[in-house]
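Asker: Have a look at the structure that comes next, please.
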Amino acid sequence: VGVIASSGGLGILIPPSIVMVMYAVSTNSSIGALFMAGVVPGLLLALFLGFTTWYEAKKGNYPREQPMSWVQRWDAFRKAIWGLALILVVMGGIYSGLFTPTEAAAMSAVYAFFIAVFVYKDIGMKDVPKVLLNSANMSAMLLYIITNAVLFSFIMTNENIPQALADWMMGHGLGVIAFRLLCNILLLLAGNFMEPSSIVLFFAPRLFPVAMKLGIDPVHFG
């Protein structure tokens, strides 16, 4: 529980992040800007987690593994390089202008398929239909949520509900800080029952207009 609670945020912050893509799609924000914004916080979080782990291990005098030789280190790196290269394919392709974030998703899927089946051999060709079926099920669920979220967002915008809520908060002196606290409480409660992508698709269209009304930067809010 401790490991998940402390390090789970890294998967969202460090690009390529599926949750960031979901937020960008839901709010019509820049995926590239969100990816760039997540790099420094993600690296800082990784640094602090690493330091905490080192400090606790040193204070508790935890047992250590024997130091690896440079041959063993190179062998481990050589085996891991195919998986690590996925980040280079996605980020390098986007920021070099070779393809858009959407096309990067397709490229990463093809690359991951090739590496999993032919290099690491984690799955065989007979397992591919099951993987595709699971992906189709997940995609259908997310598309259903997106459809309802967009429809609900349209109704709320058409009725000026976000603007009225923002005006009410500002009129009662509940500014940006109070709004962000409210958002965190909502996300904390929702996180007990829903997975991140669903939470973003459900709450982003509702909270985003209020955040814009309060003058919060869309990337910062993301």
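Residue numbers start at 1 in each chain; chains themselves are named A, B, ... in the order of the structure tokens; ligands are numbered from 1 in the order shown.
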Determine, counting only C-alpha atoms, which protein, DNA and RNA residues have an atom within 9 Å of an atom of A:Val40; residues of the same chain fewer than 5 positions away are not included. Present the result as a PyMOL selection string.
Answerer: chain A and resi 13-14+45
Asker: At a cut-off of 10 Å, using only C-alpha atoms, what residues contact stretch 196-202 of chain A? Leave out same-chain residues fewer than 6 positions from it and give the result as an mmCIF file with N, CA, C and O atoms, in the first residue's frame.
Answerer:
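After the write, out_27.cif holds the following:
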```
data_model
loop_
_atom_site.group_PDB
_atom_site.id
_atom_site.type_symbol
_atom_site.label_atom_id
_atom_site.label_comp_id
_atom_site.auth_asym_id
_atom_site.auth_seq_id
_atom_site.Cartn_x
_atom_site.Cartn_y
_atom_site.Cartn_z
ATOM 1 N N ILE A 12 1.580 8.867 -13.735
ATOM 2 C CA ILE A 12 0.744 9.929 -14.299
ATOM 3 C C ILE A 12 1.582 11.135 -14.700
ATOM 4 O O ILE A 12 1.338 11.769 -15.718
ATOM 5 N N ILE A 18 -1.089 8.247 -20.073
ATOM 6 C CA ILE A 18 -2.432 8.035 -20.616
ATOM 7 C C ILE A 18 -3.423 9.004 -19.974
ATOM 8 O O ILE A 18 -4.299 9.550 -20.639
ATOM 9 N N VAL A 19 -3.268 9.232 -18.657
ATOM 10 C CA VAL A 19 -4.195 10.112 -17.947
ATOM 11 C C VAL A 19 -4.107 11.539 -18.475
ATOM 12 O O VAL A 19 -5.113 12.239 -18.606
ATOM 13 N N MET A 20 -2.886 11.993 -18.800
ATOM 14 C CA MET A 20 -2.721 13.327 -19.380
ATOM 15 C C MET A 20 -3.414 13.425 -20.741
ATOM 16 O O MET A 20 -4.022 14.455 -21.067
ATOM 17 N N VAL A 21 -3.313 12.376 -21.524
ATOM 18 C CA VAL A 21 -3.982 12.359 -22.826
ATOM 19 C C VAL A 21 -5.493 12.449 -22.640
ATOM 20 O O VAL A 21 -6.178 13.184 -23.359
ATOM 21 N N MET A 22 -6.010 11.704 -21.661
ATOM 22 C CA MET A 22 -7.444 11.739 -21.372
ATOM 23 C C MET A 22 -7.890 13.143 -20.970
ATOM 24 O O MET A 22 -8.929 13.635 -21.403
ATOM 25 N N TYR A 23 -7.082 13.798 -20.130
ATOM 26 C CA TYR A 23 -7.402 15.157 -19.693
ATOM 27 C C TYR A 23 -7.388 16.117 -20.881
ATOM 28 O O TYR A 23 -8.275 16.966 -21.019
ATOM 29 N N ALA A 24 -6.368 15.974 -21.728
ATOM 30 C CA ALA A 24 -6.255 16.852 -22.892
ATOM 31 C C ALA A 24 -7.439 16.685 -23.841
ATOM 32 O O ALA A 24 -7.980 17.670 -24.366
ATOM 33 N N VAL A 25 -7.855 15.440 -24.058
ATOM 34 C CA VAL A 25 -9.000 15.167 -24.930
ATOM 35 C C VAL A 25 -10.279 15.729 -24.322
ATOM 36 O O VAL A 25 -11.113 16.313 -25.023
ATOM 37 N N SER A 26 -10.424 15.593 -23.002
ATOM 38 C CA SER A 26 -11.644 16.043 -22.329
ATOM 39 C C SER A 26 -11.775 17.563 -22.299
ATOM 40 O O SER A 26 -12.884 18.097 -22.296
ATOM 41 N N THR A 27 -10.633 18.267 -22.269
ATOM 42 C CA THR A 27 -10.659 19.721 -22.091
ATOM 43 C C THR A 27 -10.125 20.487 -23.292
ATOM 44 O O THR A 27 -10.014 21.711 -23.236
ATOM 45 N N MET A 141 -15.563 0.789 -23.072
ATOM 46 C CA MET A 141 -15.962 1.386 -21.796
ATOM 47 C C MET A 141 -15.603 2.871 -21.751
ATOM 48 O O MET A 141 -16.422 3.721 -21.372
ATOM 49 N N LEU A 142 -14.376 3.187 -22.173
ATOM 50 C CA LEU A 142 -13.931 4.580 -22.149
ATOM 51 C C LEU A 142 -14.717 5.442 -23.127
ATOM 52 O O LEU A 142 -15.061 6.589 -22.826
ATOM 53 N N LEU A 143 -15.013 4.902 -24.306
ATOM 54 C CA LEU A 143 -15.790 5.656 -25.292
ATOM 55 C C LEU A 143 -17.196 5.937 -24.785
ATOM 56 O O LEU A 143 -17.759 7.015 -25.027
ATOM 57 N N ILE A 145 -17.994 6.290 -21.611
ATOM 58 C CA ILE A 145 -17.839 7.334 -20.594
ATOM 59 C C ILE A 145 -17.627 8.690 -21.263
ATOM 60 O O ILE A 145 -18.202 9.707 -20.848
ATOM 61 N N ILE A 146 -16.789 8.724 -22.321
ATOM 62 C CA ILE A 146 -16.526 9.975 -23.037
ATOM 63 C C ILE A 146 -17.815 10.548 -23.607
ATOM 64 O O ILE A 146 -18.096 11.750 -23.506
ATOM 65 N N THR A 147 -18.619 9.681 -24.230
ATOM 66 C CA THR A 147 -19.878 10.126 -24.839
ATOM 67 C C THR A 147 -20.782 10.789 -23.808
ATOM 68 O O THR A 147 -21.317 11.890 -24.031
ATOM 69 N N ASN A 148 -20.952 10.136 -22.673
ATOM 70 C CA ASN A 148 -21.808 10.687 -21.624
ATOM 71 C C ASN A 148 -21.207 11.938 -20.998
ATOM 72 O O ASN A 148 -21.937 12.886 -20.662
ATOM 73 N N ALA A 149 -19.878 11.956 -20.849
ATOM 74 C CA ALA A 149 -19.220 13.122 -20.259
ATOM 75 C C ALA A 149 -19.364 14.345 -21.159
ATOM 76 O O ALA A 149 -19.630 15.457 -20.686
ATOM 77 N N VAL A 150 -19.194 14.139 -22.474
ATOM 78 C CA VAL A 150 -19.336 15.245 -23.423
ATOM 79 C C VAL A 150 -20.770 15.764 -23.433
ATOM 80 O O VAL A 150 -21.008 16.983 -23.449
ATOM 81 N N PHE A 152 -23.024 15.539 -20.991
ATOM 82 C CA PHE A 152 -23.296 16.215 -19.730
ATOM 83 C C PHE A 152 -22.609 17.573 -19.688
ATOM 84 O O PHE A 152 -23.162 18.563 -19.184
ATOM 85 N N SER A 153 -21.374 17.640 -20.236
ATOM 86 C CA SER A 153 -20.640 18.897 -20.286
ATOM 87 C C SER A 153 -21.376 19.922 -21.140
ATOM 88 O O SER A 153 -21.451 21.109 -20.803
ATOM 89 N N LEU A 186 -12.725 15.779 -3.982
ATOM 90 C CA LEU A 186 -13.519 15.013 -4.946
ATOM 91 C C LEU A 186 -12.702 13.870 -5.547
ATOM 92 O O LEU A 186 -13.176 12.737 -5.663
ATOM 93 N N LEU A 187 -11.464 14.171 -5.945
ATOM 94 C CA LEU A 187 -10.605 13.154 -6.565
ATOM 95 C C LEU A 187 -10.219 12.076 -5.560
ATOM 96 O O LEU A 187 -10.110 10.896 -5.915
ATOM 97 N N ALA A 190 -13.323 9.905 -5.282
ATOM 98 C CA ALA A 190 -13.541 9.147 -6.515
ATOM 99 C C ALA A 190 -12.491 8.058 -6.697
ATOM 100 O O ALA A 190 -12.780 6.983 -7.239
ATOM 101 N N GLY A 222 -4.430 20.714 -15.049
ATOM 102 C CA GLY A 222 -4.257 19.312 -15.439
ATOM 103 C C GLY A 222 -3.229 18.617 -14.574
ATOM 104 O O GLY A 222 -3.418 17.469 -14.149
#
```
Asker: Using only C-alpha atoms, which residues sit within 12 Å of A:Pro16 once same-chain residues fewer than 5 positions away are excluded, as a list in words?
Answerer: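 Answer for this query is Leu10, Gly11, Val21, Met22, Ile31, Gly32, Ala33, Leu34, Phe35, Met36, Ala37, Gly38, Val39, Gly42, Leu86, Ile87, Leu88, Val89, Val90, Met91, Gly92, Gly93, Ile94, Pro101, Thr102, Ala104, Ala105 and Ser108 of chain A.
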Asker: Going by DSSP on the backbone, which bits of stretch 14-219 of chain A are helix (DSSP H, G or I)? Write them as a PDB file with C-alpha atoms, in the first residue's frame, please.
Answerer:
```pdb
ATOM      1  CA  ILE A  18      -2.432   8.035 -20.616  1.00  0.00           C
ATOM      2  CA  VAL A  19      -4.195  10.112 -17.947  1.00  0.00           C
ATOM      3  CA  MET A  20      -2.721  13.327 -19.380  1.00  0.00           C
ATOM      4  CA  VAL A  21      -3.982  12.359 -22.826  1.00  0.00           C
ATOM      5  CA  MET A  22      -7.444  11.739 -21.372  1.00  0.00           C
ATOM      6  CA  TYR A  23      -7.402  15.157 -19.693  1.00  0.00           C
ATOM      7  CA  ALA A  24      -6.255  16.852 -22.892  1.00  0.00           C
ATOM      8  CA  VAL A  25      -9.000  15.167 -24.930  1.00  0.00           C
ATOM      9  CA  SER A  26     -11.644  16.043 -22.329  1.00  0.00           C
ATOM     10  CA  THR A  27     -10.659  19.721 -22.091  1.00  0.00           C
ATOM     11  CA  ILE A  31      -1.021  17.126 -25.002  1.00  0.00           C
ATOM     12  CA  GLY A  32       2.534  18.269 -25.741  1.00  0.00           C
ATOM     13  CA  ALA A  33       2.346  21.066 -23.147  1.00  0.00           C
ATOM     14  CA  LEU A  34       1.015  18.633 -20.540  1.00  0.00           C
ATOM     15  CA  PHE A  35       3.790  16.142 -21.288  1.00  0.00           C
ATOM     16  CA  MET A  36       6.430  18.852 -20.931  1.00  0.00           C
ATOM     17  CA  ALA A  37       4.843  20.128 -17.714  1.00  0.00           C
ATOM     18  CA  GLY A  38       4.995  16.667 -16.150  1.00  0.00           C
ATOM     19  CA  VAL A  39       8.718  16.055 -16.702  1.00  0.00           C
ATOM     20  CA  VAL A  40      10.202  18.230 -13.925  1.00  0.00           C
ATOM     21  CA  PRO A  41       7.627  17.350 -11.205  1.00  0.00           C
ATOM     22  CA  GLY A  42       7.978  13.685 -12.158  1.00  0.00           C
ATOM     23  CA  LEU A  43      11.778  13.742 -11.916  1.00  0.00           C
ATOM     24  CA  LEU A  44      11.611  15.636  -8.605  1.00  0.00           C
ATOM     25  CA  LEU A  45       9.163  13.084  -7.186  1.00  0.00           C
ATOM     26  CA  ALA A  46      11.391  10.216  -8.359  1.00  0.00           C
ATOM     27  CA  LEU A  47      14.412  11.929  -6.749  1.00  0.00           C
ATOM     28  CA  PHE A  48      12.626  12.374  -3.404  1.00  0.00           C
ATOM     29  CA  LEU A  49      11.304   8.800  -3.436  1.00  0.00           C
ATOM     30  CA  GLY A  50      14.801   7.506  -4.182  1.00  0.00           C
ATOM     31  CA  PHE A  51      16.325   9.630  -1.406  1.00  0.00           C
ATOM     32  CA  THR A  52      13.688   8.475   1.097  1.00  0.00           C
ATOM     33  CA  THR A  53      14.318   4.832   0.185  1.00  0.00           C
ATOM     34  CA  TRP A  54      18.089   5.286   0.554  1.00  0.00           C
ATOM     35  CA  TYR A  55      17.719   7.121   3.890  1.00  0.00           C
ATOM     36  CA  GLU A  56      15.364   4.521   5.387  1.00  0.00           C
ATOM     37  CA  ALA A  57      17.583   1.657   4.198  1.00  0.00           C
ATOM     38  CA  LYS A  58      20.688   3.296   5.649  1.00  0.00           C
ATOM     39  CA  LYS A  59      18.978   4.166   8.957  1.00  0.00           C
ATOM     40  CA  TRP A  70      30.162  -4.030 -15.094  1.00  0.00           C
ATOM     41  CA  VAL A  71      29.540  -7.093 -17.269  1.00  0.00           C
ATOM     42  CA  GLN A  72      26.362  -7.896 -15.310  1.00  0.00           C
ATOM     43  CA  ARG A  73      25.264  -4.251 -15.438  1.00  0.00           C
ATOM     44  CA  TRP A  74      25.753  -4.110 -19.180  1.00  0.00           C
ATOM     45  CA  ASP A  75      23.841  -7.370 -19.618  1.00  0.00           C
ATOM     46  CA  ALA A  76      20.891  -6.021 -17.586  1.00  0.00           C
ATOM     47  CA  PHE A  77      20.928  -2.763 -19.553  1.00  0.00           C
ATOM     48  CA  ARG A  78      21.106  -4.637 -22.863  1.00  0.00           C
ATOM     49  CA  LYS A  79      18.005  -6.654 -21.946  1.00  0.00           C
ATOM     50  CA  ALA A  80      16.100  -3.571 -20.749  1.00  0.00           C
ATOM     51  CA  ILE A  81      17.016  -1.245 -23.627  1.00  0.00           C
ATOM     52  CA  TRP A  82      14.173  -2.457 -25.865  1.00  0.00           C
ATOM     53  CA  GLY A  83      11.566  -1.499 -23.282  1.00  0.00           C
ATOM     54  CA  LEU A  84      13.289   1.780 -22.391  1.00  0.00           C
ATOM     55  CA  ALA A  85      13.417   2.736 -26.061  1.00  0.00           C
ATOM     56  CA  LEU A  86       9.605   3.019 -26.093  1.00  0.00           C
ATOM     57  CA  ILE A  87       9.904   6.387 -24.307  1.00  0.00           C
ATOM     58  CA  LEU A  88      12.371   7.582 -26.953  1.00  0.00           C
ATOM     59  CA  VAL A  89      10.041   6.462 -29.748  1.00  0.00           C
ATOM     60  CA  VAL A  90       7.057   8.324 -28.294  1.00  0.00           C
ATOM     61  CA  MET A  91       8.712  11.491 -26.981  1.00  0.00           C
ATOM     62  CA  GLY A  92      11.288  11.719 -29.757  1.00  0.00           C
ATOM     63  CA  GLY A  93       8.626  11.299 -32.433  1.00  0.00           C
ATOM     64  CA  ILE A  94       6.340  13.950 -30.924  1.00  0.00           C
ATOM     65  CA  TYR A  95       8.958  16.625 -30.268  1.00  0.00           C
ATOM     66  CA  PRO A 101       0.537  12.456 -30.045  1.00  0.00           C
ATOM     67  CA  THR A 102      -2.316  10.392 -31.518  1.00  0.00           C
ATOM     68  CA  GLU A 103      -0.009   8.876 -34.129  1.00  0.00           C
ATOM     69  CA  ALA A 104       2.589   8.332 -31.381  1.00  0.00           C
ATOM     70  CA  ALA A 105       0.045   6.162 -29.543  1.00  0.00           C
ATOM     71  CA  ALA A 106      -0.380   3.991 -32.644  1.00  0.00           C
ATOM     72  CA  MET A 107       3.386   3.773 -33.168  1.00  0.00           C
ATOM     73  CA  SER A 108       3.966   2.819 -29.531  1.00  0.00           C
ATOM     74  CA  ALA A 109       1.306   0.089 -29.781  1.00  0.00           C
ATOM     75  CA  VAL A 110       2.986  -1.405 -32.870  1.00  0.00           C
ATOM     76  CA  TYR A 111       6.417  -1.141 -31.236  1.00  0.00           C
ATOM     77  CA  ALA A 112       5.189  -2.710 -27.977  1.00  0.00           C
ATOM     78  CA  PHE A 113       3.547  -5.555 -29.936  1.00  0.00           C
ATOM     79  CA  PHE A 114       6.767  -6.291 -31.826  1.00  0.00           C
ATOM     80  CA  ILE A 115       8.947  -6.208 -28.681  1.00  0.00           C
ATOM     81  CA  ALA A 116       6.547  -8.273 -26.536  1.00  0.00           C
ATOM     82  CA  VAL A 117       6.012 -10.977 -29.160  1.00  0.00           C
ATOM     83  CA  PHE A 118       9.350 -11.234 -30.969  1.00  0.00           C
ATOM     84  CA  VAL A 119      12.008  -9.871 -28.567  1.00  0.00           C
ATOM     85  CA  MET A 125       0.808 -15.116 -31.221  1.00  0.00           C
ATOM     86  CA  LYS A 126      -1.964 -17.292 -29.755  1.00  0.00           C
ATOM     87  CA  ASP A 127      -2.351 -14.766 -26.904  1.00  0.00           C
ATOM     88  CA  VAL A 128      -2.775 -11.764 -29.248  1.00  0.00           C
ATOM     89  CA  PRO A 129      -6.568 -12.253 -29.859  1.00  0.00           C
ATOM     90  CA  LYS A 130      -7.203 -12.210 -26.089  1.00  0.00           C
ATOM     91  CA  VAL A 131      -5.100  -9.039 -25.690  1.00  0.00           C
ATOM     92  CA  LEU A 132      -6.994  -7.354 -28.541  1.00  0.00           C
ATOM     93  CA  LEU A 133     -10.334  -8.373 -27.025  1.00  0.00           C
ATOM     94  CA  ASN A 134      -9.350  -6.918 -23.634  1.00  0.00           C
ATOM     95  CA  SER A 135      -8.255  -3.713 -25.362  1.00  0.00           C
ATOM     96  CA  ALA A 136     -11.552  -3.525 -27.245  1.00  0.00           C
ATOM     97  CA  ASN A 137     -13.493  -3.950 -24.001  1.00  0.00           C
ATOM     98  CA  MET A 138     -11.500  -1.175 -22.308  1.00  0.00           C
ATOM     99  CA  SER A 139     -11.862   1.117 -25.337  1.00  0.00           C
ATOM    100  CA  ALA A 140     -15.622   0.536 -25.487  1.00  0.00           C
ATOM    101  CA  MET A 141     -15.962   1.386 -21.796  1.00  0.00           C
ATOM    102  CA  LEU A 142     -13.931   4.580 -22.149  1.00  0.00           C
ATOM    103  CA  LEU A 143     -15.790   5.656 -25.292  1.00  0.00           C
ATOM    104  CA  TYR A 144     -19.094   5.182 -23.486  1.00  0.00           C
ATOM    105  CA  ILE A 145     -17.839   7.334 -20.594  1.00  0.00           C
ATOM    106  CA  ILE A 146     -16.526   9.975 -23.037  1.00  0.00           C
ATOM    107  CA  THR A 147     -19.878  10.126 -24.839  1.00  0.00           C
ATOM    108  CA  ASN A 148     -21.808  10.687 -21.624  1.00  0.00           C
ATOM    109  CA  ALA A 149     -19.220  13.122 -20.259  1.00  0.00           C
ATOM    110  CA  VAL A 150     -19.336  15.245 -23.423  1.00  0.00           C
ATOM    111  CA  LEU A 151     -23.135  15.248 -23.403  1.00  0.00           C
ATOM    112  CA  PHE A 152     -23.296  16.215 -19.730  1.00  0.00           C
ATOM    113  CA  SER A 153     -20.640  18.897 -20.286  1.00  0.00           C
ATOM    114  CA  PHE A 154     -22.710  20.357 -23.136  1.00  0.00           C
ATOM    115  CA  ILE A 155     -25.817  20.515 -20.931  1.00  0.00           C
ATOM    116  CA  MET A 156     -23.906  22.185 -18.084  1.00  0.00           C
ATOM    117  CA  THR A 157     -22.303  24.739 -20.417  1.00  0.00           C
ATOM    118  CA  ASN A 158     -25.607  25.429 -22.150  1.00  0.00           C
ATOM    119  CA  ILE A 161     -23.873  26.068 -14.489  1.00  0.00           C
ATOM    120  CA  PRO A 162     -20.014  26.253 -14.300  1.00  0.00           C
ATOM    121  CA  GLN A 163     -20.104  30.032 -14.647  1.00  0.00           C
ATOM    122  CA  ALA A 164     -22.790  30.303 -11.951  1.00  0.00           C
ATOM    123  CA  LEU A 165     -20.756  28.029  -9.653  1.00  0.00           C
ATOM    124  CA  ALA A 166     -17.599  30.068 -10.227  1.00  0.00           C
ATOM    125  CA  ASP A 167     -19.456  33.333  -9.588  1.00  0.00           C
ATOM    126  CA  TRP A 168     -20.949  31.855  -6.389  1.00  0.00           C
ATOM    127  CA  MET A 169     -17.517  30.762  -5.130  1.00  0.00           C
ATOM    128  CA  MET A 170     -15.929  34.122  -5.887  1.00  0.00           C
ATOM    129  CA  GLY A 171     -18.905  35.951  -4.373  1.00  0.00           C
ATOM    130  CA  VAL A 176      -8.664  29.465  -6.265  1.00  0.00           C
ATOM    131  CA  ILE A 177      -7.346  27.794  -3.086  1.00  0.00           C
ATOM    132  CA  ALA A 178     -10.795  26.668  -1.935  1.00  0.00           C
ATOM    133  CA  PHE A 179     -11.624  25.390  -5.424  1.00  0.00           C
ATOM    134  CA  ARG A 180      -8.419  23.331  -5.591  1.00  0.00           C
ATOM    135  CA  LEU A 181      -9.072  21.893  -2.137  1.00  0.00           C
ATOM    136  CA  LEU A 182     -12.564  20.925  -3.291  1.00  0.00           C
ATOM    137  CA  CYS A 183     -11.101  19.274  -6.407  1.00  0.00           C
ATOM    138  CA  ASN A 184      -8.630  17.271  -4.326  1.00  0.00           C
ATOM    139  CA  ILE A 185     -11.368  16.075  -1.974  1.00  0.00           C
ATOM    140  CA  LEU A 186     -13.519  15.013  -4.946  1.00  0.00           C
ATOM    141  CA  LEU A 187     -10.605  13.154  -6.565  1.00  0.00           C
ATOM    142  CA  LEU A 188      -9.678  11.513  -3.261  1.00  0.00           C
ATOM    143  CA  LEU A 189     -13.232  10.195  -2.861  1.00  0.00           C
ATOM    144  CA  ALA A 190     -13.541   9.147  -6.515  1.00  0.00           C
ATOM    145  CA  PRO A 196      -7.773   7.322 -13.114  1.00  0.00           C
ATOM    146  CA  SER A 197      -8.884   7.528 -16.762  1.00  0.00           C
ATOM    147  CA  SER A 198     -12.555   7.255 -15.816  1.00  0.00           C
ATOM    148  CA  ILE A 199     -12.146   9.882 -13.098  1.00  0.00           C
ATOM    149  CA  VAL A 200     -10.574  12.338 -15.532  1.00  0.00           C
ATOM    150  CA  LEU A 201     -13.220  11.742 -18.189  1.00  0.00           C
ATOM    151  CA  PHE A 202     -16.012  12.188 -15.640  1.00  0.00           C
ATOM    152  CA  PHE A 203     -14.765  15.185 -13.645  1.00  0.00           C
ATOM    153  CA  ALA A 204     -12.591  17.177 -16.077  1.00  0.00           C
ATOM    154  CA  PRO A 205     -15.459  18.488 -18.266  1.00  0.00           C
ATOM    155  CA  ARG A 206     -17.334  19.572 -15.116  1.00  0.00           C
ATOM    156  CA  LEU A 207     -14.473  21.198 -13.196  1.00  0.00           C
ATOM    157  CA  PHE A 208     -12.506  22.637 -16.121  1.00  0.00           C
ATOM    158  CA  PRO A 209     -14.927  25.518 -16.966  1.00  0.00           C
ATOM    159  CA  VAL A 210     -14.950  26.617 -13.310  1.00  0.00           C
ATOM    160  CA  ALA A 211     -11.141  26.540 -13.228  1.00  0.00           C
ATOM    161  CA  MET A 212     -10.988  28.698 -16.361  1.00  0.00           C
ATOM    162  CA  LYS A 213     -13.486  31.133 -14.857  1.00  0.00           C
ATOM    163  CA  PRO A 218      -5.351  24.770 -18.023  1.00  0.00           C
ATOM    164  CA  VAL A 219      -2.007  22.944 -18.020  1.00  0.00           C
TER     165      VAL A 219
END
```
Asker: What is the distance, in Å and to one decimal place, between atom CA of A:Asp217 and atom CA of A:Ser29?
Answerer: 10.5 Å
Asker: Could you state the separation of atom CA of A:Arg64 and atom CA of A:Gly8 in Å, given to one decimal place?
Answerer: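 Separation between atom CA of A:Arg64 and atom CA of A:Gly8: 25.0 Å.
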